[in-house]
file final_23.txt (compact mmCIF, C-alpha atoms)
# COMPACT_ATOMS: atom_id res chain seq x y z
CA MET A 1 0.00 0.00 0.00
CA SER A 2 2.77 2.39 0.87
CA TRP A 3 4.66 2.19 -2.51
CA ARG A 4 1.45 2.61 -4.36
CA ARG A 5 0.84 5.90 -2.71
CA ASP A 6 4.38 6.94 -3.75
CA GLU A 7 3.51 6.68 -7.42
CA ARG A 8 0.77 9.24 -7.23
CA GLY A 9 1.62 12.18 -9.46
CA THR A 10 4.47 10.49 -11.36
CA ALA A 11 2.48 10.48 -14.57
CA LEU A 12 2.30 14.25 -14.43
CA VAL A 13 6.04 14.52 -13.77
CA GLU A 14 6.89 12.15 -16.60
CA PHE A 15 4.55 13.95 -18.92
CA VAL A 16 6.05 17.34 -18.15
CA TRP A 17 9.66 16.19 -18.45
CA LEU A 18 9.26 14.04 -21.52
CA GLY A 19 7.10 16.71 -23.04
CA ILE A 20 9.77 19.35 -22.48
CA LEU A 21 12.66 17.16 -23.58
CA LEU A 22 11.06 15.41 -26.53
CA LEU A 23 7.85 16.89 -27.80
CA ILE A 24 8.72 20.59 -27.75
CA PRO A 25 11.91 20.18 -29.84
CA LEU A 26 10.04 17.82 -32.11
CA VAL A 27 7.17 20.24 -32.65
CA TRP A 28 9.68 23.02 -33.31
CA MET A 29 11.36 20.75 -35.86
CA VAL A 30 8.04 20.09 -37.59
CA ILE A 31 7.18 23.81 -37.73
CA SER A 32 10.64 24.67 -39.07
CA LEU A 33 10.40 21.90 -41.62
CA PHE A 34 7.11 23.21 -42.96
CA GLU A 35 8.53 26.71 -43.06
CA VAL A 36 11.56 25.57 -45.04
CA GLN A 37 9.35 23.50 -47.26
CA SER A 38 7.01 26.31 -48.15
CA GLY A 39 10.16 28.33 -48.86
CA ALA A 40 11.49 25.63 -51.17
CA PHE A 41 8.23 25.43 -53.10
CA ALA A 42 8.07 29.22 -53.27
CA ALA A 43 11.65 29.43 -54.58
CA THR A 44 10.87 26.90 -57.32
CA THR A 45 7.76 28.82 -58.35
CA ALA A 46 9.67 32.10 -58.23
CA ALA A 47 12.41 30.75 -60.50
CA ARG A 48 9.80 29.46 -62.91
CA SER A 49 7.90 32.74 -63.03
CA ALA A 50 11.09 34.79 -63.29
CA GLY A 51 12.38 32.65 -66.16
CA ARG A 52 9.14 32.96 -68.04
CA ALA A 53 8.88 36.71 -67.42
CA TYR A 54 12.45 37.19 -68.64
CA ALA A 55 11.94 35.10 -71.76
CA LEU A 56 8.71 36.90 -72.69
CA ALA A 57 10.13 40.42 -72.22
CA PRO A 58 11.24 42.13 -75.45
CA THR A 59 14.74 43.13 -74.30
CA ASP A 60 17.29 42.00 -71.75
CA ALA A 61 16.95 45.13 -69.62
CA GLN A 62 13.17 44.94 -69.45
CA GLY A 63 13.51 41.22 -68.84
CA GLU A 64 15.65 41.76 -65.74
CA VAL A 65 13.08 44.13 -64.25
CA ALA A 66 10.23 41.77 -65.11
CA ALA A 67 12.10 38.74 -63.72
CA ARG A 68 12.75 40.47 -60.40
CA GLN A 69 9.13 41.58 -60.12
CA ALA A 70 7.87 38.11 -61.00
CA ALA A 71 10.14 36.43 -58.44
CA ARG A 72 9.09 38.86 -55.72
CA GLN A 73 5.43 38.43 -56.63
CA ALA A 74 5.71 34.64 -56.57
CA LEU A 75 7.34 34.71 -53.13
CA ASP A 76 4.70 37.12 -51.84
CA ASP A 77 1.97 34.84 -53.15
CA GLN A 78 3.42 31.98 -51.13
CA GLY A 79 3.30 34.08 -47.99
CA LEU A 80 7.03 34.87 -47.84
CA ASP A 81 6.83 38.63 -47.51
CA GLY A 82 10.03 40.47 -46.81
CA VAL A 83 12.45 37.61 -47.39
CA PRO A 84 15.67 38.49 -49.21
CA VAL A 85 15.64 37.50 -52.86
CA SER A 86 18.34 37.66 -55.49
CA VAL A 87 17.73 36.84 -59.14
CA LYS A 88 20.73 35.92 -61.30
CA ILE A 89 20.35 35.50 -65.02
CA SER A 90 22.87 33.86 -67.29
CA CYS A 91 22.64 32.90 -70.94
CA THR A 92 24.45 30.58 -73.30
CA PRO A 93 25.84 30.93 -75.91
CA PHE A 94 25.36 34.72 -76.04
CA PRO A 95 26.00 35.98 -72.50
CA SER A 96 25.19 39.60 -73.31
CA GLN A 97 22.29 39.04 -75.72
CA CYS A 98 19.91 36.73 -73.97
CA HIS A 99 17.03 37.30 -76.35
CA SER A 100 18.90 36.23 -79.50
CA GLY A 101 17.57 33.16 -81.28
CA THR A 102 18.65 29.71 -79.91
CA SER A 103 19.85 31.29 -76.68
CA VAL A 104 19.26 29.34 -73.45
CA ILE A 105 18.40 31.42 -70.39
CA THR A 106 19.10 30.16 -66.89
CA VAL A 107 17.50 32.02 -64.00
CA ARG A 108 18.69 31.34 -60.49
CA VAL A 109 16.63 32.59 -57.56
CA GLU A 110 18.25 32.65 -54.13
CA THR A 111 16.28 33.33 -51.01
CA ALA A 112 16.25 32.42 -47.33
CA VAL A 113 13.58 31.67 -44.78
CA THR A 114 13.86 32.68 -41.15
CA LEU A 115 13.46 29.79 -38.74
CA PRO A 116 10.50 30.29 -36.42
CA LEU A 117 10.58 30.97 -32.67
CA VAL A 118 14.33 31.48 -32.46
CA PRO A 119 15.17 34.88 -31.04
CA ASP A 120 18.17 36.97 -32.00
CA VAL A 121 20.32 35.74 -29.11
CA PHE A 122 23.87 36.24 -30.27
CA GLY A 123 23.32 39.46 -32.15
CA SER A 124 24.15 37.94 -35.52
CA GLY A 125 20.59 37.98 -36.78
CA ARG A 126 17.96 35.29 -36.52
CA PRO A 127 18.98 31.92 -37.96
CA ARG A 128 18.11 31.46 -41.61
CA PHE A 129 17.86 28.60 -44.01
CA ALA A 130 19.15 29.44 -47.48
CA LEU A 131 17.21 28.17 -50.48
CA ASP A 132 17.78 28.38 -54.21
CA ALA A 133 16.12 27.23 -57.37
CA THR A 134 17.01 27.42 -61.05
CA HIS A 135 14.91 27.42 -64.16
CA THR A 136 16.07 27.10 -67.75
CA VAL A 137 14.18 28.43 -70.76
CA PRO A 138 15.23 28.15 -74.41
CA ILE A 139 14.53 31.02 -76.82
CA GLY A 140 13.18 30.14 -80.26
CA GLN A 141 15.39 30.42 -83.32
CA TYR A 142 12.73 32.34 -85.26
CA GLN A 143 12.46 35.91 -84.09
CA GLU A 144 9.93 38.47 -85.10
CA ILE A 145 11.64 41.65 -86.29
CA THR A 146 9.14 44.48 -86.37
CA GLY A 147 9.53 46.99 -89.13
CA ALA A 148 12.27 45.03 -90.89
CA ALA A 149 10.55 44.84 -94.26
CA PRO A 150 8.07 47.32 -95.72
CA GLN A 151 4.61 45.86 -96.02
CA MET B 1 -7.76 -12.01 -2.71
CA PRO B 2 -8.63 -8.34 -2.86
CA ARG B 3 -5.00 -7.52 -2.03
CA ARG B 4 -3.62 -9.51 -4.98
CA SER B 5 -5.91 -7.91 -7.45
CA ARG B 6 -4.96 -4.49 -6.19
CA VAL B 7 -1.26 -5.24 -6.64
CA ALA B 8 -1.80 -6.45 -10.18
CA ARG B 9 -3.69 -3.29 -11.08
CA GLY B 10 -0.99 -1.12 -9.59
CA GLY B 11 1.70 -2.92 -11.59
CA GLY B 12 -0.23 -2.53 -14.82
CA GLU B 13 -0.43 1.23 -14.46
CA ARG B 14 3.25 1.81 -13.78
CA GLY B 15 5.11 3.78 -16.44
CA SER B 16 2.15 4.03 -18.76
CA ILE B 17 2.84 7.62 -19.79
CA SER B 18 6.48 7.34 -20.97
CA PRO B 19 5.92 4.75 -23.73
CA LEU B 20 2.94 6.77 -24.89
CA ILE B 21 4.94 9.96 -25.29
CA VAL B 22 7.91 8.16 -26.84
CA GLY B 23 5.48 6.41 -29.19
CA PHE B 24 3.97 9.76 -30.20
CA ALA B 25 7.46 11.11 -30.82
CA VAL B 26 8.38 8.15 -33.02
CA ILE B 27 5.17 8.50 -35.04
CA LEU B 28 5.83 12.21 -35.43
CA LEU B 29 9.42 11.53 -36.57
CA LEU B 30 8.23 8.99 -39.11
CA GLY B 31 5.73 11.53 -40.40
CA VAL B 32 8.47 14.16 -40.67
CA ALA B 33 10.71 11.74 -42.57
CA MET B 34 7.90 10.90 -44.97
CA VAL B 35 7.06 14.55 -45.61
CA VAL B 36 10.74 15.34 -46.29
CA ASP B 37 11.08 12.44 -48.72
CA VAL B 38 7.84 13.15 -50.54
CA SER B 39 8.62 16.82 -50.95
CA GLN B 40 12.10 16.00 -52.25
CA ALA B 41 10.55 13.65 -54.81
CA PHE B 42 7.99 16.30 -55.72
CA LEU B 43 10.62 19.01 -56.20
CA GLN B 44 12.68 16.63 -58.33
CA ARG B 45 9.65 15.83 -60.43
CA GLN B 46 9.01 19.51 -60.92
CA SER B 47 12.61 20.00 -61.94
CA LEU B 48 12.41 17.09 -64.41
CA ALA B 49 9.15 18.49 -65.82
CA THR B 50 10.86 21.86 -66.30
CA LEU B 51 13.71 20.12 -68.07
CA ALA B 52 11.30 18.17 -70.26
CA GLU B 53 9.36 21.31 -71.14
CA GLY B 54 12.56 23.11 -72.08
CA ALA B 55 13.73 20.15 -74.14
CA ALA B 56 10.36 19.89 -75.91
CA LEU B 57 10.38 23.63 -76.67
CA ARG B 58 13.90 23.42 -78.03
CA ALA B 59 13.03 20.31 -80.07
CA ALA B 60 9.86 21.84 -81.53
CA ASP B 61 11.84 24.96 -82.38
CA LEU B 62 14.87 23.35 -83.99
CA ALA B 63 12.93 20.59 -85.74
CA ALA B 64 10.69 23.10 -87.48
CA GLU B 65 12.73 23.68 -90.59
CA GLY B 66 9.93 25.62 -92.16
CA GLU B 67 10.18 24.20 -95.69
CA GLU B 68 6.44 24.48 -96.16
CA VAL B 69 6.69 28.17 -95.33
CA TYR B 70 8.89 28.76 -98.40
CA SER B 71 6.55 26.87 -100.70
CA GLY B 72 3.17 27.82 -99.24
CA GLY B 73 3.72 30.78 -96.92
CA PHE B 74 2.68 31.07 -93.32
CA GLY B 75 -0.52 29.32 -92.50
CA THR B 76 -2.30 28.95 -89.23
CA ASP B 77 -1.21 25.34 -88.74
CA PRO B 78 1.76 24.39 -86.57
CA LEU B 79 4.99 23.89 -88.51
CA GLN B 80 5.97 20.42 -89.65
CA LEU B 81 8.66 18.78 -87.57
CA THR B 82 11.53 16.52 -88.60
CA PRO B 83 11.71 13.67 -86.03
CA GLY B 84 15.47 13.13 -86.40
CA ARG B 85 16.21 16.78 -85.74
CA ALA B 86 13.87 16.81 -82.75
CA ARG B 87 15.75 13.92 -81.15
CA ALA B 88 19.10 15.55 -81.84
CA ALA B 89 17.83 18.81 -80.36
CA VAL B 90 16.70 17.09 -77.14
CA ARG B 91 20.04 15.27 -76.83
CA GLY B 92 21.97 18.49 -77.36
CA TYR B 93 19.78 20.50 -75.01
CA LEU B 94 20.08 18.02 -72.14
CA ALA B 95 23.86 17.94 -72.54
CA ASP B 96 24.08 21.74 -72.78
CA VAL B 97 22.12 22.54 -69.63
CA GLY B 98 24.07 19.99 -67.59
CA ALA B 99 21.11 17.72 -66.93
CA TYR B 100 23.24 14.58 -66.68
CA SER B 101 25.38 15.88 -63.85
CA GLU B 102 22.35 17.24 -62.02
CA HIS B 103 20.20 14.13 -62.35
CA PRO B 104 22.26 10.95 -62.28
CA GLY B 105 20.82 8.01 -64.18
CA LEU B 106 18.77 10.26 -66.45
CA ARG B 107 16.87 8.63 -69.30
CA TYR B 108 14.63 10.33 -71.79
CA SER B 109 12.24 9.46 -74.55
CA VAL B 110 11.19 11.67 -77.45
CA THR B 111 7.98 11.06 -79.36
CA VAL B 112 7.14 13.11 -82.42
CA SER B 113 3.49 12.64 -83.28
CA GLY B 114 2.46 14.83 -86.17
CA ASP B 115 3.39 18.40 -85.31
CA ARG B 116 3.84 17.77 -81.58
CA VAL B 117 6.99 16.80 -79.69
CA GLU B 118 6.57 14.95 -76.42
CA VAL B 119 9.55 14.56 -74.14
CA SER B 120 9.53 12.40 -71.05
CA ILE B 121 12.50 12.36 -68.67
CA THR B 122 13.04 9.77 -65.95
CA ALA B 123 15.68 9.90 -63.23
CA ARG B 124 16.44 8.33 -59.90
CA VAL B 125 16.06 10.53 -56.86
CA GLU B 126 18.06 9.95 -53.75
CA LEU B 127 15.68 10.45 -50.83
CA PRO B 128 17.21 12.41 -47.95
CA LEU B 129 15.89 10.17 -45.18
CA THR B 130 15.96 6.43 -45.72
CA PHE B 131 13.31 4.20 -44.22
CA PRO B 132 14.52 0.81 -43.06
CA GLY B 133 13.74 -1.84 -45.66
CA THR B 134 13.94 0.53 -48.64
CA ASP B 135 16.95 1.43 -50.74
CA GLY B 136 16.44 5.17 -50.30
CA HIS B 137 15.75 5.87 -53.95
CA ALA B 138 12.70 6.65 -55.99
CA THR B 139 12.17 6.89 -59.72
CA VAL B 140 10.51 10.09 -60.93
CA THR B 141 9.34 11.09 -64.37
CA GLY B 142 8.58 14.51 -65.74
CA SER B 143 7.12 15.18 -69.15
CA GLY B 144 6.44 18.09 -71.43
CA SER B 145 5.23 18.69 -74.95
CA ALA B 146 5.48 21.51 -77.46
CA ILE B 147 4.46 22.55 -80.96
CA ALA B 148 5.99 25.14 -83.26
CA ASP B 149 3.13 27.53 -83.86
CA PRO B 150 3.58 30.58 -86.10
CA GLU B 151 1.21 33.04 -84.48
call {"tool": "encode", "arguments": {"input": "final_23.txt", "output": "structure tokens"}}
result
Amino acid sequence: MSWRRDERGTALVEFVWLGILLLIPLVWMVISLFEVQSGAFAATTAARSAGRAYALAPTDAQGEVAARQAARQALDDQGLDGVPVSVKISCTPFPSQCHSGTSVITVRVETAVTLPLVPDVFGSGRPRFALDATHTVPIGQYQEITGAAPQ
Amino acid sequence: MPRRSRVARGGGERGSISPLIVGFAVILLLGVAMVVDVSQAFLQRQSLATLAEGAALRAADLAAEGEEVYSGGFGTDPLQLTPGRARAAVRGYLADVGAYSEHPGLRYSVTVSGDRVEVSITARVELPLTFPGTDGHATVTGSGSAIADPE
């Protein structure tokens, strides 16, 4: 009878300790994972949109602007407001004339998501998880040249 | 007799919370591992689909030699495609964009049916978290199709 009385309340103690040691880190891991995952999907979509926007723009300069806007828009749409985003565009075989026929455009979007519930403890900013995605678009060999021949 | 039954009941209740919490944690971890693997496979499939779309675009573009345009002028129909050139274009495109180094074990198939090119790309994905009893790989396929349409 006496040892049985000793066990009263141990379930609560076990629950609290195991909960603190095991479940809280685990739940944090799950939340972080979903955050990183939504970031990864958003980065892929952003690269896709940016590549398409760049390819459809008439010139390289307008394409850069459009690609940046499209990437930012795609990230916003996925709920990643205010994350850093960098869009890098490279082309083969004409690095300076991306919209020439048979050119292949590669757009690389780099971004980062902030991990949740981690405060800025050490003064070096909140911990981030870097993400990137690339998208490749070929440009057609037949190009429309407006005003080239009199009608 | 009443004493024995009381002892047995007390023994059965001992430590009943710890296995429960550990069990929850294990189930949660398995769920996390599955989500990570599935999303990796999904992102790879998206990447292969992007690759296939690019390859199909390039094939439809380069295989449209436009002979009928010289004899009959632009119509509203899609341009005729040369199957041999379409296959060569896909092969060249995949080599140019570095698809083989990015996706080990990549295989592709090109089907030219009429004026449409269909490209299907299959590769093995290494899953980040391996479940016991599996080899940690999955086979993913992405496909895309394109026509050469003079607007």
call {"tool": "closest_residue", "arguments": {"input": "final_23.txt", "among": "A:Ala130, A:Val65, A:Val107, A:Val118", "to": "chain B", "atoms": "only C-alpha atoms"}}
result
A:Val107
call {"tool": "closest_residue", "arguments": {"input": "final_23.txt", "among": "A:Val16, A:Val30, A:Ala66, A:Cys98", "to": "Ser49 (chain A)", "atoms": "only C-alpha atoms"}}
result
A:Ala66
call {"tool": "residues_around", "arguments": {"input": "final_23.txt", "residues": "Gly54 (chain B)", "least_positions_apart": "2", "cutoff": "7 Å", "atoms": "all atoms listed in the file", "output": "ChimeraX atom specification"}}
result
/A:136-138 /B:50-52,56-58
call {"tool": "write_last_selection", "arguments": {"input": "final_23.txt", "atoms": "C-alpha atoms", "output": "mmCIF file, in the frame of the given file"}}
result
data_model
loop_
_atom_site.group_PDB
_atom_site.id
_atom_site.type_symbol
_atom_site.label_atom_id
_atom_site.label_comp_id
_atom_site.auth_asym_id
_atom_site.auth_seq_id
_atom_site.Cartn_x
_atom_site.Cartn_y
_atom_site.Cartn_z
ATOM 1 C CA THR A 136 16.070 27.100 -67.750
ATOM 2 C CA VAL A 137 14.180 28.430 -70.760
ATOM 3 C CA PRO A 138 15.230 28.150 -74.410
ATOM 4 C CA THR B 50 10.860 21.860 -66.300
ATOM 5 C CA LEU B 51 13.710 20.120 -68.070
ATOM 6 C CA ALA B 52 11.300 18.170 -70.260
ATOM 7 C CA ALA B 56 10.360 19.890 -75.910
ATOM 8 C CA LEU B 57 10.380 23.630 -76.670
ATOM 9 C CA ARG B 58 13.900 23.420 -78.030
#
call {"tool": "closest_residue", "arguments": {"input": "final_23.txt", "among": "B:Ser109, B:Ser18, B:Ser71, B:Ser143", "to": "Thr10 (chain A)", "atoms": "only C-alpha atoms"}}
result
B:Ser18
call {"tool": "interface_residues", "arguments": {"input": "final_23.txt", "of": "chain B", "to": "chain A", "cutoff": "10 Å", "atoms": "all atoms listed in the file", "output": "MDAnalysis selection string"}}
result
chainID B and resid 3 6:7 10:11 13:18 20:22 24:26 28:29 31:32 35:36 39:40 42:43 46:47 50:51 53:62 64 93 96:97 148 150
call {"tool": "atom_distance", "arguments": {"input": "final_23.txt", "atom1": "CA of Glu65 (chain B)", "atom2": "CA of Leu79 (chain B)"}}
result
8.0 Å
call {"tool": "residues_around", "arguments": {"input": "final_23.txt", "residues": "Gly79 (chain A)", "least_positions_apart": "3", "cutoff": "12 Å", "atoms": "all atoms listed in the file", "output": "MDAnalysis selection string"}}
result
chainID A and resid 35 38:39 41:43 72:76 82:83 113
call {"tool": "write_last_selection", "arguments": {"input": "final_23.txt", "atoms": "C-alpha atoms", "output": "mmCIF file, in the frame of the given file"}}
result
data_model
loop_
_atom_site.group_PDB
_atom_site.id
_atom_site.type_symbol
_atom_site.label_atom_id
_atom_site.label_comp_id
_atom_site.auth_asym_id
_atom_site.auth_seq_id
_atom_site.Cartn_x
_atom_site.Cartn_y
_atom_site.Cartn_z
ATOM 1 C CA GLU A 35 8.530 26.710 -43.060
ATOM 2 C CA SER A 38 7.010 26.310 -48.150
ATOM 3 C CA GLY A 39 10.160 28.330 -48.860
ATOM 4 C CA PHE A 41 8.230 25.430 -53.100
ATOM 5 C CA ALA A 42 8.070 29.220 -53.270
ATOM 6 C CA ALA A 43 11.650 29.430 -54.580
ATOM 7 C CA ARG A 72 9.090 38.860 -55.720
ATOM 8 C CA GLN A 73 5.430 38.430 -56.630
ATOM 9 C CA ALA A 74 5.710 34.640 -56.570
ATOM 10 C CA LEU A 75 7.340 34.710 -53.130
ATOM 11 C CA ASP A 76 4.700 37.120 -51.840
ATOM 12 C CA GLY A 82 10.030 40.470 -46.810
ATOM 13 C CA VAL A 83 12.450 37.610 -47.390
ATOM 14 C CA VAL A 113 13.580 31.670 -44.780
#
call {"tool": "residues_around", "arguments": {"input": "final_23.txt", "residues": "Arg85 (chain B)", "least_positions_apart": "2", "cutoff": "8 Å", "atoms": "only C-alpha atoms", "output": "JSON list (two decimals) with C-alpha atoms, in the coordinates of the input"}}
result
[["chain", "number", "residue", "atom", "x", "y", "z"],
["B", 59, "ALA", "CA", 13.03, 20.31, -80.07],
["B", 62, "LEU", "CA", 14.87, 23.35, -83.99],
["B", 63, "ALA", "CA", 12.93, 20.59, -85.74],
["B", 82, "THR", "CA", 11.53, 16.52, -88.60],
["B", 83, "PRO", "CA", 11.71, 13.67, -86.03],
["B", 87, "ARG", "CA", 15.75, 13.92, -81.15],
["B", 88, "ALA", "CA", 19.10, 15.55, -81.84],
["B", 89, "ALA", "CA", 17.83, 18.81, -80.36]]
call {"tool": "residues_around", "arguments": {"input": "final_23.txt", "residues": "region 112-124 of chain B", "least_positions_apart": "2", "cutoff": "6 Å", "atoms": "only C-alpha atoms", "output": "number ranges by chain"}}
result
B: 52, 56, 80-81, 83, 105-110, 138-147
call {"tool": "atom_distance", "arguments": {"input": "final_23.txt", "atom1": "CA of Ala67 (chain A)", "atom2": "CA of Leu115 (chain A)"}}
result
26.6 Å
call {"tool": "atom_distance", "arguments": {"input": "final_23.txt", "atom1": "CA of Leu127 (chain B)", "atom2": "CA of Asp37 (chain B)"}}
result
5.4 Å
call {"tool": "decode", "arguments": {"input": "final_23.txt", "residues": "region 119-146 of chain B", "atoms": "N, CA and C atoms", "output": "PDB file, in the first residue's frame"}}
result
ATOM      1  N   VAL B 119       8.300  14.982 -74.774  1.00  0.00           N
ATOM      2  CA  VAL B 119       9.548  14.559 -74.136  1.00  0.00           C
ATOM      3  C   VAL B 119       9.213  14.089 -72.738  1.00  0.00           C
ATOM      4  N   SER B 120       9.745  12.924 -72.395  1.00  0.00           N
ATOM      5  CA  SER B 120       9.530  12.398 -71.052  1.00  0.00           C
ATOM      6  C   SER B 120      10.894  12.040 -70.474  1.00  0.00           C
ATOM      7  N   ILE B 121      11.179  12.539 -69.279  1.00  0.00           N
ATOM      8  CA  ILE B 121      12.496  12.356 -68.669  1.00  0.00           C
ATOM      9  C   ILE B 121      12.331  11.636 -67.343  1.00  0.00           C
ATOM     10  N   THR B 122      13.107  10.580 -67.167  1.00  0.00           N
ATOM     11  CA  THR B 122      13.038   9.775 -65.948  1.00  0.00           C
ATOM     12  C   THR B 122      14.398   9.787 -65.270  1.00  0.00           C
ATOM     13  N   ALA B 123      14.417   9.948 -63.968  1.00  0.00           N
ATOM     14  CA  ALA B 123      15.681   9.905 -63.231  1.00  0.00           C
ATOM     15  C   ALA B 123      15.435   9.311 -61.858  1.00  0.00           C
ATOM     16  N   ARG B 124      16.522   8.849 -61.257  1.00  0.00           N
ATOM     17  CA  ARG B 124      16.439   8.333 -59.897  1.00  0.00           C
ATOM     18  C   ARG B 124      16.688   9.461 -58.917  1.00  0.00           C
ATOM     19  N   VAL B 125      15.893   9.506 -57.893  1.00  0.00           N
ATOM     20  CA  VAL B 125      16.057  10.528 -56.863  1.00  0.00           C
ATOM     21  C   VAL B 125      16.570   9.853 -55.605  1.00  0.00           C
ATOM     22  N   GLU B 126      17.591  10.459 -55.029  1.00  0.00           N
ATOM     23  CA  GLU B 126      18.055   9.951 -53.745  1.00  0.00           C
ATOM     24  C   GLU B 126      17.242  10.628 -52.658  1.00  0.00           C
ATOM     25  N   LEU B 127      16.517   9.863 -51.880  1.00  0.00           N
ATOM     26  CA  LEU B 127      15.684  10.448 -50.826  1.00  0.00           C
ATOM     27  C   LEU B 127      16.546  10.804 -49.631  1.00  0.00           C
ATOM     28  N   PRO B 128      16.330  11.963 -49.034  1.00  0.00           N
ATOM     29  CA  PRO B 128      17.213  12.410 -47.952  1.00  0.00           C
ATOM     30  C   PRO B 128      17.151  11.540 -46.700  1.00  0.00           C
ATOM     31  N   LEU B 129      16.000  11.011 -46.379  1.00  0.00           N
ATOM     32  CA  LEU B 129      15.886  10.168 -45.181  1.00  0.00           C
ATOM     33  C   LEU B 129      15.441   8.776 -45.609  1.00  0.00           C
ATOM     34  N   THR B 130      16.228   7.787 -45.260  1.00  0.00           N
ATOM     35  CA  THR B 130      15.961   6.430 -45.719  1.00  0.00           C
ATOM     36  C   THR B 130      15.163   5.667 -44.673  1.00  0.00           C
ATOM     37  N   PHE B 131      14.067   5.079 -45.105  1.00  0.00           N
ATOM     38  CA  PHE B 131      13.307   4.202 -44.225  1.00  0.00           C
ATOM     39  C   PHE B 131      13.957   2.836 -44.218  1.00  0.00           C
ATOM     40  N   PRO B 132      13.969   2.164 -43.067  1.00  0.00           N
ATOM     41  CA  PRO B 132      14.520   0.815 -43.060  1.00  0.00           C
ATOM     42  C   PRO B 132      13.711  -0.099 -43.981  1.00  0.00           C
ATOM     43  N   GLY B 133      14.429  -0.924 -44.749  1.00  0.00           N
ATOM     44  CA  GLY B 133      13.745  -1.837 -45.660  1.00  0.00           C
ATOM     45  C   GLY B 133      13.563  -1.277 -47.049  1.00  0.00           C
ATOM     46  N   THR B 134      13.973  -0.010 -47.279  1.00  0.00           N
ATOM     47  CA  THR B 134      13.935   0.530 -48.636  1.00  0.00           C
ATOM     48  C   THR B 134      15.360   0.904 -49.024  1.00  0.00           C
ATOM     49  N   ASP B 135      15.590   1.115 -50.323  1.00  0.00           N
ATOM     50  CA  ASP B 135      16.947   1.429 -50.744  1.00  0.00           C
ATOM     51  C   ASP B 135      17.198   2.935 -50.792  1.00  0.00           C
ATOM     52  N   GLY B 136      16.214   3.731 -50.371  1.00  0.00           N
ATOM     53  CA  GLY B 136      16.439   5.173 -50.298  1.00  0.00           C
ATOM     54  C   GLY B 136      16.407   5.875 -51.635  1.00  0.00           C
ATOM     55  N   HIS B 137      15.846   5.241 -52.635  1.00  0.00           N
ATOM     56  CA  HIS B 137      15.750   5.872 -53.946  1.00  0.00           C
ATOM     57  C   HIS B 137      14.318   5.783 -54.453  1.00  0.00           C
ATOM     58  N   ALA B 138      14.001   6.719 -55.328  1.00  0.00           N
ATOM     59  CA  ALA B 138      12.702   6.651 -55.990  1.00  0.00           C
ATOM     60  C   ALA B 138      12.921   7.036 -57.446  1.00  0.00           C
ATOM     61  N   THR B 139      12.076   6.551 -58.310  1.00  0.00           N
ATOM     62  CA  THR B 139      12.167   6.893 -59.725  1.00  0.00           C
ATOM     63  C   THR B 139      11.077   7.903 -60.042  1.00  0.00           C
ATOM     64  N   VAL B 140      11.486   9.037 -60.611  1.00  0.00           N
ATOM     65  CA  VAL B 140      10.507  10.087 -60.929  1.00  0.00           C
ATOM     66  C   VAL B 140      10.572  10.393 -62.414  1.00  0.00           C
ATOM     67  N   THR B 141       9.438  10.773 -62.945  1.00  0.00           N
ATOM     68  CA  THR B 141       9.337  11.092 -64.370  1.00  0.00           C
ATOM     69  C   THR B 141       8.659  12.448 -64.515  1.00  0.00           C
ATOM     70  N   GLY B 142       9.227  13.257 -65.387  1.00  0.00           N
ATOM     71  CA  GLY B 142       8.580  14.508 -65.738  1.00  0.00           C
ATOM     72  C   GLY B 142       8.400  14.544 -67.247  1.00  0.00           C
ATOM     73  N   SER B 143       7.321  15.161 -67.707  1.00  0.00           N
ATOM     74  CA  SER B 143       7.121  15.180 -69.149  1.00  0.00           C
ATOM     75  C   SER B 143       6.633  16.550 -69.592  1.00  0.00           C
ATOM     76  N   GLY B 144       6.879  16.823 -70.852  1.00  0.00           N
ATOM     77  CA  GLY B 144       6.442  18.094 -71.430  1.00  0.00           C
ATOM     78  C   GLY B 144       6.238  17.921 -72.914  1.00  0.00           C
ATOM     79  N   SER B 145       5.427  18.773 -73.511  1.00  0.00           N
ATOM     80  CA  SER B 145       5.227  18.685 -74.952  1.00  0.00           C
ATOM     81  C   SER B 145       5.156  20.089 -75.529  1.00  0.00           C
ATOM     82  N   ALA B 146       5.465  20.182 -76.818  1.00  0.00           N
ATOM     83  CA  ALA B 146       5.480  21.509 -77.456  1.00  0.00           C
ATOM     84  C   ALA B 146       5.161  21.365 -78.937  1.00  0.00           C
TER      85      ALA B 146
END
